[in-house]
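So the structure is just underneath, and the comments pick up after that.
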Amino acid sequence: MLAAARKDLLVERLRRDGRIVAKEIAAELGLSEDTVRRDLRELDAAGLAVRVYGGALPASPAVVNYAARNDVAPGSKRRVAAVAAALIGPGSTVILDGGTTTRAVVDALPKSLDCTIITHSPTIAAALLDHAAVVFIVGGQLFKHSAVACGAAAAEAAAQISADLFFLGVTGVHPDAGLTTGDPDEAAMKRALAARAADTIVLASREKIGAASRYGVLPFEAVTSIITDADKDDPTVLKLANQGVTFTRAR
């Protein structure tokens, strides 16, 4: 089997099964494990897989830079954002993560809503300029890839706040990898913010369900629910629901 055909098959298996075990696929195809591992390394480098011990997981398409993310599943993000915005009541205090899905939450919020929003994203803060909401910005070093503040200063500032809800953006929701994102400092900042809210709700447009990125954010038991418009019979949704993970459907 030619290298290109092998890689196409591996990508299809990742899509179908949600993971690849190098030893098993090598035996099935009559290949050496070294050959499979080399193919997986190349798929990882191309952004088509995430290598893990013993194999690989499907890579999330949501790890591109902030500007490019605007073109990834915009309709799905709007559906998820509409459900999230409906959970923000008058007088509530909410932490909004950075990212294009939380930006869609701002678009779905009534401009007259009297609430308090805390964010470490300058783009989210700027989008709230014509809203009635009181806005607090958590500062620190700007991580330009995702347009959010991260690092020690941001984490220290986050320790001084508290909120009713934290709307968490992730790039992957996978039964084995958990809730993931593409940068370790960004993952740490998300954990710092989650620790300051009574409830953490994950915003997961459908392309993130069943996908994974390199760095873990939180275990599933640390979040209240996952808002997604993925099909109710999606294999990842079914598996996680059977494990007790709560999903809120966005239509």
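Going through the structure tokens in order, the chains are called A, B, and so on, while each chain numbers its residues from 1 and the ligands are numbered from 1 in the order shown.
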Contact table region 58-158 of chain A vs region 173-189 of chain A, cut-off 12 Å, shortest pair per residue, only C-alpha atoms, as JSON lines:
```
{"residue": "A:Pro58", "atom": "CA", "partner": "A:His174", "partner_atom": "CA", "distance": 8.9}
{"residue": "A:Ala59", "atom": "CA", "partner": "A:Gly182", "partner_atom": "CA", "distance": 10.1}
{"residue": "A:Ser60", "atom": "CA", "partner": "A:Thr181", "partner_atom": "CA", "distance": 8.8}
{"residue": "A:Pro61", "atom": "CA", "partner": "A:Gly182", "partner_atom": "CA", "distance": 10.5}
{"residue": "A:Ala62", "atom": "CA", "partner": "A:Gly182", "partner_atom": "CA", "distance": 8.8}
{"residue": "A:Val63", "atom": "CA", "partner": "A:Gly182", "partner_atom": "CA", "distance": 5.9}
{"residue": "A:Val64", "atom": "CA", "partner": "A:Gly182", "partner_atom": "CA", "distance": 9.1}
{"residue": "A:Asn65", "atom": "CA", "partner": "A:Gly182", "partner_atom": "CA", "distance": 10.5}
{"residue": "A:Asp97", "atom": "CA", "partner": "A:Met189", "partner_atom": "CA", "distance": 9.5}
{"residue": "A:Gly98", "atom": "CA", "partner": "A:Glu186", "partner_atom": "CA", "distance": 9.8}
{"residue": "A:Gly99", "atom": "CA", "partner": "A:Glu186", "partner_atom": "CA", "distance": 11.3}
{"residue": "A:Thr119", "atom": "CA", "partner": "A:Met189", "partner_atom": "CA", "distance": 11.3}
{"residue": "A:His120", "atom": "CA", "partner": "A:Met189", "partner_atom": "CA", "distance": 9.2}
{"residue": "A:Ser121", "atom": "CA", "partner": "A:Met189", "partner_atom": "CA", "distance": 11.5}
{"residue": "A:Val138", "atom": "CA", "partner": "A:Met189", "partner_atom": "CA", "distance": 10.7}
{"residue": "A:Gly139", "atom": "CA", "partner": "A:Met189", "partner_atom": "CA", "distance": 11.4}
{"residue": "A:Gly140", "atom": "CA", "partner": "A:Met189", "partner_atom": "CA", "distance": 10.5}
{"residue": "A:Gln141", "atom": "CA", "partner": "A:Asp185", "partner_atom": "CA", "distance": 10.6}
{"residue": "A:Leu142", "atom": "CA", "partner": "A:Glu186", "partner_atom": "CA", "distance": 10.5}
{"residue": "A:Phe143", "atom": "CA", "partner": "A:Glu186", "partner_atom": "CA", "distance": 8.0}
{"residue": "A:Lys144", "atom": "CA", "partner": "A:Glu186", "partner_atom": "CA", "distance": 11.0}
{"residue": "A:His145", "atom": "CA", "partner": "A:Asp183", "partner_atom": "CA", "distance": 9.5}
{"residue": "A:Ser146", "atom": "CA", "partner": "A:Glu186", "partner_atom": "CA", "distance": 8.6}
{"residue": "A:Ala147", "atom": "CA", "partner": "A:Glu186", "partner_atom": "CA", "distance": 10.4}
{"residue": "A:Val148", "atom": "CA", "partner": "A:Glu186", "partner_atom": "CA", "distance": 8.2}
{"residue": "A:Ala149", "atom": "CA", "partner": "A:Met189", "partner_atom": "CA", "distance": 8.3}
{"residue": "A:Cys150", "atom": "CA", "partner": "A:Met189", "partner_atom": "CA", "distance": 5.9}
{"residue": "A:Gly151", "atom": "CA", "partner": "A:Asp185", "partner_atom": "CA", "distance": 6.4}
{"residue": "A:Ala152", "atom": "CA", "partner": "A:Met189", "partner_atom": "CA", "distance": 8.9}
{"residue": "A:Ala153", "atom": "CA", "partner": "A:Met189", "partner_atom": "CA", "distance": 10.3}
{"residue": "A:Ala154", "atom": "CA", "partner": "A:Met189", "partner_atom": "CA", "distance": 7.5}
{"residue": "A:Ala155", "atom": "CA", "partner": "A:Met189", "partner_atom": "CA", "distance": 6.1}
{"residue": "A:Glu156", "atom": "CA", "partner": "A:Met189", "partner_atom": "CA", "distance": 9.9}
{"residue": "A:Ala157", "atom": "CA", "partner": "A:Met189", "partner_atom": "CA", "distance": 10.6}
{"residue": "A:Ala158", "atom": "CA", "partner": "A:Met189", "partner_atom": "CA", "distance": 8.4}
```
TODO: Would you mind listing what lies within 9 Å of Val134 (chain A) as JSON, numbers by chain, with only C-alpha atoms counted and same-chain residues fewer than 5 positions away left out?
DONE: {"A": [114, 115, 116, 117, 118, 128]}
Dump all heavy atoms for the selected residues as a PDB file, in the first residue's frame?
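As a result, selection.pdb now contains:
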```pdb
ATOM      1  N   ASP A 114     -28.851  43.630  31.934  1.00  0.00           N
ATOM      2  CA  ASP A 114     -28.083  44.155  33.066  1.00  0.00           C
ATOM      3  C   ASP A 114     -27.383  42.999  33.766  1.00  0.00           C
ATOM      4  O   ASP A 114     -28.002  42.258  34.526  1.00  0.00           O
ATOM      5  CB  ASP A 114     -29.022  44.885  34.029  1.00  0.00           C
ATOM      6  CG  ASP A 114     -28.292  45.472  35.231  1.00  0.00           C
ATOM      7  OD1 ASP A 114     -27.052  45.573  35.176  1.00  0.00           O
ATOM      8  OD2 ASP A 114     -28.963  45.822  36.220  1.00  0.00           O
ATOM      9  N   CYS A 115     -26.112  42.832  33.491  1.00  0.00           N
ATOM     10  CA  CYS A 115     -25.344  41.760  34.103  1.00  0.00           C
ATOM     11  C   CYS A 115     -23.891  42.214  34.181  1.00  0.00           C
ATOM     12  O   CYS A 115     -23.547  43.322  33.776  1.00  0.00           O
ATOM     13  CB  CYS A 115     -25.457  40.470  33.284  1.00  0.00           C
ATOM     14  SG  CYS A 115     -24.759  40.580  31.618  1.00  0.00           S
ATOM     15  N   THR A 116     -23.045  41.360  34.737  1.00  0.00           N
ATOM     16  CA  THR A 116     -21.617  41.652  34.806  1.00  0.00           C
ATOM     17  C   THR A 116     -20.863  40.569  34.049  1.00  0.00           C
ATOM     18  O   THR A 116     -21.100  39.376  34.268  1.00  0.00           O
ATOM     19  CB  THR A 116     -21.128  41.690  36.265  1.00  0.00           C
ATOM     20  OG1 THR A 116     -21.815  42.744  36.954  1.00  0.00           O
ATOM     21  CG2 THR A 116     -19.629  41.944  36.331  1.00  0.00           C
ATOM     22  N   ILE A 117     -19.988  40.977  33.162  1.00  0.00           N
ATOM     23  CA  ILE A 117     -19.207  40.026  32.375  1.00  0.00           C
ATOM     24  C   ILE A 117     -17.719  40.264  32.627  1.00  0.00           C
ATOM     25  O   ILE A 117     -17.236  41.389  32.537  1.00  0.00           O
ATOM     26  CB  ILE A 117     -19.520  40.149  30.875  1.00  0.00           C
ATOM     27  CG1 ILE A 117     -20.972  39.717  30.627  1.00  0.00           C
ATOM     28  CG2 ILE A 117     -18.564  39.282  30.048  1.00  0.00           C
ATOM     29  CD1 ILE A 117     -21.412  39.782  29.190  1.00  0.00           C
ATOM     30  N   ILE A 118     -17.040  39.182  32.953  1.00  0.00           N
ATOM     31  CA  ILE A 118     -15.594  39.197  33.174  1.00  0.00           C
ATOM     32  C   ILE A 118     -14.950  38.404  32.040  1.00  0.00           C
ATOM     33  O   ILE A 118     -15.416  37.311  31.701  1.00  0.00           O
ATOM     34  CB  ILE A 118     -15.235  38.562  34.527  1.00  0.00           C
ATOM     35  CG1 ILE A 118     -15.964  39.276  35.677  1.00  0.00           C
ATOM     36  CG2 ILE A 118     -13.728  38.580  34.769  1.00  0.00           C
ATOM     37  CD1 ILE A 118     -15.903  38.540  37.001  1.00  0.00           C
ATOM     38  N   LEU A 128     -18.477  44.214  23.678  1.00  0.00           N
ATOM     39  CA  LEU A 128     -19.489  44.560  24.677  1.00  0.00           C
ATOM     40  C   LEU A 128     -19.598  46.066  24.914  1.00  0.00           C
ATOM     41  O   LEU A 128     -20.320  46.493  25.814  1.00  0.00           O
ATOM     42  CB  LEU A 128     -19.163  43.851  25.996  1.00  0.00           C
ATOM     43  CG  LEU A 128     -19.397  42.338  26.000  1.00  0.00           C
ATOM     44  CD1 LEU A 128     -18.626  41.683  27.144  1.00  0.00           C
ATOM     45  CD2 LEU A 128     -20.890  42.028  26.121  1.00  0.00           C
TER      46      LEU A 128
END
```
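Computed from the coordinates, the CA of Arg103 (chain A) to CA of Lys232 (chain A) distance equals 24.9 Å.
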Near-region 30-47 of chain A list (10 Å; only C-alpha atoms; drop same-chain fewer than 4 positions) as a CSV table (one decimal) with all heavy atoms, in the first residue's frame:
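Generated output (part.csv):
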```csv
chain,number,residue,atom,x,y,z
A,1,MET,N,0.8,-1.2,0.0
A,1,MET,CA,0.0,0.0,0.0
A,1,MET,C,0.9,1.2,0.0
A,1,MET,O,1.8,1.4,0.8
A,1,MET,CB,-0.9,0.0,1.2
A,1,MET,CG,-1.9,1.2,1.3
A,1,MET,SD,-2.9,1.2,2.8
A,1,MET,CE,-3.9,-0.3,2.5
A,3,ALA,N,2.1,5.1,0.5
A,3,ALA,CA,2.1,6.0,1.7
A,3,ALA,C,0.8,6.8,1.7
A,3,ALA,O,0.1,7.0,2.7
A,3,ALA,CB,3.3,6.8,1.8
A,4,ALA,N,0.5,7.4,0.6
A,4,ALA,CA,-0.7,8.3,0.5
A,4,ALA,C,-2.0,7.6,0.8
A,4,ALA,O,-2.8,8.1,1.6
A,4,ALA,CB,-0.8,9.0,-0.9
A,6,ARG,N,-2.2,4.8,2.6
A,6,ARG,CA,-2.2,4.4,4.0
A,6,ARG,C,-2.7,5.6,4.9
A,6,ARG,O,-3.5,5.4,5.8
A,6,ARG,CB,-0.7,4.1,4.5
A,6,ARG,CG,-0.2,2.8,4.0
A,6,ARG,CD,1.0,2.3,4.8
A,6,ARG,NE,2.0,3.3,5.1
A,6,ARG,CZ,3.0,3.5,4.3
A,6,ARG,NH1,3.2,2.8,3.2
A,6,ARG,NH2,3.9,4.5,4.6
A,7,LYS,N,-2.2,6.8,4.6
A,7,LYS,CA,-2.5,8.0,5.4
A,7,LYS,C,-4.0,8.3,5.2
A,7,LYS,O,-4.7,8.6,6.2
A,7,LYS,CB,-1.7,9.2,5.0
A,7,LYS,CG,-0.2,9.0,5.4
A,7,LYS,CD,0.6,10.2,4.9
A,7,LYS,CE,2.1,9.9,5.2
A,7,LYS,NZ,2.9,11.0,4.6
A,8,ASP,N,-4.6,8.1,4.0
A,8,ASP,CA,-6.0,8.3,3.8
A,8,ASP,C,-6.8,7.3,4.7
A,8,ASP,O,-7.8,7.7,5.3
A,8,ASP,CB,-6.4,8.2,2.3
A,8,ASP,CG,-5.9,9.3,1.5
A,8,ASP,OD1,-5.6,10.4,2.1
A,8,ASP,OD2,-5.8,9.2,0.3
A,10,LEU,N,-5.8,5.9,7.4
A,10,LEU,CA,-5.6,6.2,8.8
A,10,LEU,C,-6.6,7.4,9.2
A,10,LEU,O,-7.2,7.3,10.3
A,10,LEU,CB,-4.2,6.5,9.2
A,10,LEU,CG,-3.2,5.4,9.1
A,10,LEU,CD1,-1.8,5.9,9.3
A,10,LEU,CD2,-3.5,4.3,10.1
A,11,VAL,N,-6.6,8.4,8.4
A,11,VAL,CA,-7.5,9.5,8.7
A,11,VAL,C,-9.0,9.0,8.7
A,11,VAL,O,-9.7,9.5,9.6
A,11,VAL,CB,-7.3,10.6,7.6
A,11,VAL,CG1,-8.4,11.7,7.7
A,11,VAL,CG2,-6.0,11.2,7.7
A,20,ILE,N,-6.8,5.6,17.0
A,20,ILE,CA,-6.1,4.5,16.3
A,20,ILE,C,-5.1,3.9,17.3
A,20,ILE,O,-4.4,4.7,18.0
A,20,ILE,CB,-5.3,5.0,15.0
A,20,ILE,CG1,-6.3,5.2,13.9
A,20,ILE,CG2,-4.2,4.1,14.7
A,20,ILE,CD1,-5.6,5.8,12.6
A,21,VAL,N,-5.0,2.6,17.4
A,21,VAL,CA,-4.0,1.9,18.2
A,21,VAL,C,-3.0,1.4,17.2
A,21,VAL,O,-3.3,0.6,16.3
A,21,VAL,CB,-4.6,0.8,19.0
A,21,VAL,CG1,-3.5,0.0,19.8
A,21,VAL,CG2,-5.6,1.3,20.0
A,22,ALA,N,-1.8,1.9,17.2
A,22,ALA,CA,-0.7,1.6,16.2
A,22,ALA,C,-0.5,0.1,16.1
A,22,ALA,O,-0.4,-0.4,14.9
A,22,ALA,CB,0.6,2.3,16.6
A,23,LYS,N,-0.4,-0.6,17.2
A,23,LYS,CA,-0.2,-2.0,17.1
A,23,LYS,C,-1.3,-2.8,16.4
A,23,LYS,O,-1.0,-3.7,15.6
A,23,LYS,CB,0.0,-2.6,18.5
A,23,LYS,CG,0.4,-4.1,18.6
A,23,LYS,CD,0.6,-4.5,20.0
A,23,LYS,CE,1.0,-6.0,20.1
A,23,LYS,NZ,1.3,-6.4,21.5
A,24,GLU,N,-2.5,-2.4,16.7
A,24,GLU,CA,-3.7,-3.1,16.1
A,24,GLU,C,-3.8,-2.8,14.6
A,24,GLU,O,-4.0,-3.7,13.8
A,24,GLU,CB,-5.0,-2.7,16.8
A,24,GLU,CG,-5.0,-3.2,18.2
A,24,GLU,CD,-6.3,-2.7,18.9
A,24,GLU,OE1,-7.1,-1.9,18.3
A,24,GLU,OE2,-6.4,-3.0,20.1
A,25,ILE,N,-3.6,-1.6,14.2
A,25,ILE,CA,-3.8,-1.2,12.8
A,25,ILE,C,-2.6,-1.8,12.0
A,25,ILE,O,-2.7,-2.2,10.8
A,25,ILE,CB,-3.9,0.3,12.6
A,25,ILE,CG1,-4.5,0.6,11.2
A,25,ILE,CG2,-2.6,1.0,12.8
A,25,ILE,CD1,-5.9,0.3,11.0
A,26,ALA,N,-1.4,-1.9,12.6
A,26,ALA,CA,-0.3,-2.5,11.9
A,26,ALA,C,-0.5,-3.9,11.6
A,26,ALA,O,-0.2,-4.4,10.5
A,26,ALA,CB,1.0,-2.3,12.7
A,51,ARG,N,-0.9,12.7,18.1
A,51,ARG,CA,-0.3,11.5,18.5
A,51,ARG,C,-0.4,11.4,20.0
A,51,ARG,O,-0.2,12.3,20.8
A,51,ARG,CB,1.2,11.4,18.1
A,51,ARG,CG,1.4,11.2,16.6
A,51,ARG,CD,2.9,11.1,16.3
A,51,ARG,NE,3.4,9.8,16.9
A,51,ARG,CZ,4.6,9.7,17.5
A,51,ARG,NH1,5.4,10.7,17.6
A,51,ARG,NH2,5.0,8.5,17.9
A,52,VAL,N,-0.7,10.2,20.5
A,52,VAL,CA,-0.8,9.9,21.9
A,52,VAL,C,0.0,8.5,22.1
A,52,VAL,O,0.4,7.9,21.2
A,52,VAL,CB,-2.2,9.7,22.5
A,52,VAL,CG1,-2.9,11.1,22.4
A,52,VAL,CG2,-3.0,8.7,21.7
A,54,GLY,N,0.9,5.0,22.1
A,54,GLY,CA,0.3,3.9,21.5
A,54,GLY,C,-0.5,4.1,20.2
A,54,GLY,O,-1.0,3.2,19.6
A,55,GLY,N,-0.7,5.4,19.8
A,55,GLY,CA,-1.5,5.6,18.6
A,55,GLY,C,-1.8,7.1,18.4
A,55,GLY,O,-0.9,7.9,18.5
A,56,ALA,N,-3.0,7.4,18.0
A,56,ALA,CA,-3.4,8.7,17.7
A,56,ALA,C,-4.9,9.0,17.9
A,56,ALA,O,-5.7,8.0,17.9
A,56,ALA,CB,-3.0,9.1,16.3
A,57,LEU,N,-5.3,10.3,18.0
A,57,LEU,CA,-6.6,10.7,18.1
A,57,LEU,C,-6.9,11.7,17.0
A,57,LEU,O,-6.0,12.3,16.4
A,57,LEU,CB,-6.9,11.4,19.5
A,57,LEU,CG,-6.6,10.6,20.7
A,57,LEU,CD1,-6.8,11.4,22.0
A,57,LEU,CD2,-7.5,9.3,20.8
A,58,PRO,N,-8.2,11.9,16.7
A,58,PRO,CA,-8.5,12.9,15.6
A,58,PRO,C,-8.2,14.3,16.0
A,58,PRO,O,-8.5,14.7,17.2
A,58,PRO,CB,-10.1,12.7,15.4
A,58,PRO,CG,-10.4,11.5,16.1
A,58,PRO,CD,-9.4,11.3,17.2
A,59,ALA,N,-7.5,15.0,15.2
A,59,ALA,CA,-7.1,16.4,15.5
A,59,ALA,C,-8.3,17.4,15.3
A,59,ALA,O,-9.1,17.2,14.4
A,59,ALA,CB,-6.0,16.9,14.6
A,60,SER,N,-8.4,18.4,16.2
A,60,SER,CA,-9.4,19.4,16.1
A,60,SER,C,-9.1,20.4,15.0
A,60,SER,O,-7.9,20.8,14.9
A,60,SER,CB,-9.6,20.1,17.4
A,60,SER,OG,-10.4,21.2,17.3
A,61,PRO,N,-10.1,20.8,14.2
A,61,PRO,CA,-9.9,21.8,13.2
A,61,PRO,C,-9.9,23.2,13.8
A,61,PRO,O,-9.6,24.2,13.2
A,61,PRO,CB,-11.0,21.7,12.2
A,61,PRO,CG,-12.1,21.1,13.1
A,61,PRO,CD,-11.4,20.2,14.1
A,63,VAL,N,-7.8,24.6,16.0
A,63,VAL,CA,-6.6,25.1,16.6
A,63,VAL,C,-5.9,26.1,15.7
A,63,VAL,O,-4.8,26.6,16.0
A,63,VAL,CB,-5.6,23.9,16.9
A,63,VAL,CG1,-6.2,23.0,18.0
A,63,VAL,CG2,-5.3,23.1,15.7
A,64,VAL,N,-6.5,26.5,14.6
A,64,VAL,CA,-6.0,27.5,13.8
A,64,VAL,C,-6.0,28.9,14.5
A,64,VAL,O,-6.7,29.0,15.5
A,64,VAL,CB,-6.7,27.6,12.4
A,64,VAL,CG1,-6.5,26.3,11.6
A,64,VAL,CG2,-8.2,27.8,12.6
A,213,SER,N,-7.0,17.9,21.1
A,213,SER,CA,-5.8,18.7,20.9
A,213,SER,C,-4.8,18.3,21.9
A,213,SER,O,-5.0,17.3,22.7
A,213,SER,CB,-6.2,20.2,21.1
A,213,SER,OG,-7.0,20.7,20.0
```
Alpha helix (DSSP H) positions in region 157-220 of chain A, given as a tab-separated table (two decimals) with all heavy atoms, in the first residue's frame:
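Dumped everything to states.tsv:
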```tsv
chain	number	residue	atom	x	y	z
A	157	ALA	N	-4.49	37.69	38.53
A	157	ALA	CA	-5.68	38.54	38.48
A	157	ALA	C	-6.96	37.71	38.56
A	157	ALA	O	-7.94	38.10	39.22
A	157	ALA	CB	-5.67	39.37	37.19
A	158	ALA	N	-6.96	36.56	37.91
A	158	ALA	CA	-8.14	35.70	37.93
A	158	ALA	C	-8.47	35.21	39.34
A	158	ALA	O	-9.64	34.99	39.68
A	158	ALA	CB	-7.92	34.50	37.00
A	184	PRO	N	-0.47	25.06	26.19
A	184	PRO	CA	-0.45	24.75	27.63
A	184	PRO	C	-0.77	25.94	28.52
A	184	PRO	O	-1.45	25.79	29.55
A	184	PRO	CB	0.98	24.24	27.86
A	184	PRO	CG	1.79	24.82	26.73
A	184	PRO	CD	0.85	24.87	25.57
A	185	ASP	N	-0.29	27.14	28.16
A	185	ASP	CA	-0.59	28.31	28.97
A	185	ASP	C	-2.07	28.69	28.89
A	185	ASP	O	-2.68	29.11	29.88
A	185	ASP	CB	0.27	29.50	28.53
A	185	ASP	CG	1.73	29.32	28.90
A	185	ASP	OD1	2.01	28.60	29.87
A	185	ASP	OD2	2.59	29.89	28.20
A	186	GLU	N	-2.63	28.54	27.71
A	186	GLU	CA	-4.06	28.83	27.57
A	186	GLU	C	-4.88	27.82	28.36
A	186	GLU	O	-5.88	28.18	29.00
A	186	GLU	CB	-4.45	28.79	26.08
A	186	GLU	CG	-5.84	29.33	25.82
A	186	GLU	CD	-6.18	29.41	24.34
A	186	GLU	OE1	-5.36	28.98	23.51
A	186	GLU	OE2	-7.28	29.91	24.03
A	187	ALA	N	-4.47	26.55	28.35
A	187	ALA	CA	-5.16	25.53	29.15
A	187	ALA	C	-5.10	25.88	30.63
A	187	ALA	O	-6.10	25.75	31.36
A	187	ALA	CB	-4.54	24.16	28.90
A	188	ALA	N	-3.95	26.33	31.11
A	188	ALA	CA	-3.80	26.69	32.51
A	188	ALA	C	-4.69	27.87	32.88
A	188	ALA	O	-5.29	27.91	33.96
A	188	ALA	CB	-2.34	27.02	32.82
A	189	MET	N	-4.80	28.84	31.97
A	189	MET	CA	-5.65	30.00	32.23
A	189	MET	C	-7.11	29.60	32.28
A	189	MET	O	-7.89	30.10	33.13
A	189	MET	CB	-5.43	31.06	31.15
A	189	MET	CG	-6.12	32.38	31.45
A	189	MET	SD	-5.48	33.14	32.96
A	189	MET	CE	-6.71	34.42	33.22
A	190	LYS	N	-7.52	28.70	31.44
A	190	LYS	CA	-8.90	28.22	31.47
A	190	LYS	C	-9.19	27.54	32.81
A	190	LYS	O	-10.28	27.71	33.39
A	190	LYS	CB	-9.14	27.24	30.31
A	190	LYS	CG	-9.13	27.90	28.94
A	190	LYS	CD	-9.24	26.84	27.83
A	190	LYS	CE	-9.09	27.43	26.45
A	190	LYS	NZ	-10.23	28.26	26.04
A	191	ARG	N	-8.24	26.77	33.32
A	191	ARG	CA	-8.44	26.13	34.63
A	191	ARG	C	-8.55	27.17	35.74
A	191	ARG	O	-9.36	27.03	36.67
A	191	ARG	CB	-7.29	25.16	34.92
A	191	ARG	CG	-7.35	23.88	34.10
A	191	ARG	CD	-6.37	22.84	34.62
A	191	ARG	NE	-4.98	23.23	34.43
A	191	ARG	CZ	-4.29	23.01	33.31
A	191	ARG	NH1	-4.86	22.41	32.29
A	191	ARG	NH2	-3.03	23.38	33.23
A	192	ALA	N	-7.72	28.22	35.65
A	192	ALA	CA	-7.76	29.28	36.66
A	192	ALA	C	-9.11	29.97	36.67
A	192	ALA	O	-9.66	30.29	37.74
A	192	ALA	CB	-6.64	30.29	36.40
A	193	LEU	N	-9.67	30.21	35.52
A	193	LEU	CA	-10.98	30.85	35.44
A	193	LEU	C	-12.09	29.92	35.91
A	193	LEU	O	-13.02	30.35	36.61
A	193	LEU	CB	-11.24	31.31	34.01
A	193	LEU	CG	-10.34	32.45	33.51
A	193	LEU	CD1	-10.53	32.66	32.01
A	193	LEU	CD2	-10.62	33.74	34.27
A	194	ALA	N	-12.01	28.65	35.54
A	194	ALA	CA	-13.02	27.69	35.97
A	194	ALA	C	-13.07	27.58	37.49
A	194	ALA	O	-14.15	27.40	38.07
A	194	ALA	CB	-12.74	26.32	35.35
```
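Counting from CA of Leu48 (chain A), the distance to CA of Arg13 (chain A) is 11.9 Å.
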Open item on the list: Can you measure CA of Leu240 (chain A) to CA of Ala198 (chain A) for me? One decimal in Å is fine.
Closed with: 22.3 Å
Open item on the list: Need to verify the contact set: region 76-90 of chain A, 6 Å, only C-alpha atoms, exclusion of same-chain residues closer than 3 positions in sequence. Can you return it as a ChimeraX atom specification?
Closed with: /A:73,101,104-105,108-109,114-115,205,228,250
Task: Residue set, region 10-187 of chain A restricted to strand (DSSP E or B), as a ChimeraX atom specification - done: /A:20-21,49-52,55-59,93-96,116-119,134-137,141-143,148-150,163-169,172-174,178-181
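Every protein or nucleic acid residue with an atom no more than 6 Å from Val94 (chain A), counting only C-alpha atoms and leaving out same-chain residues fewer than 3 positions away, appears here: Ile117, Ala163, Asp164, Leu165 and Phe166 of chain A.
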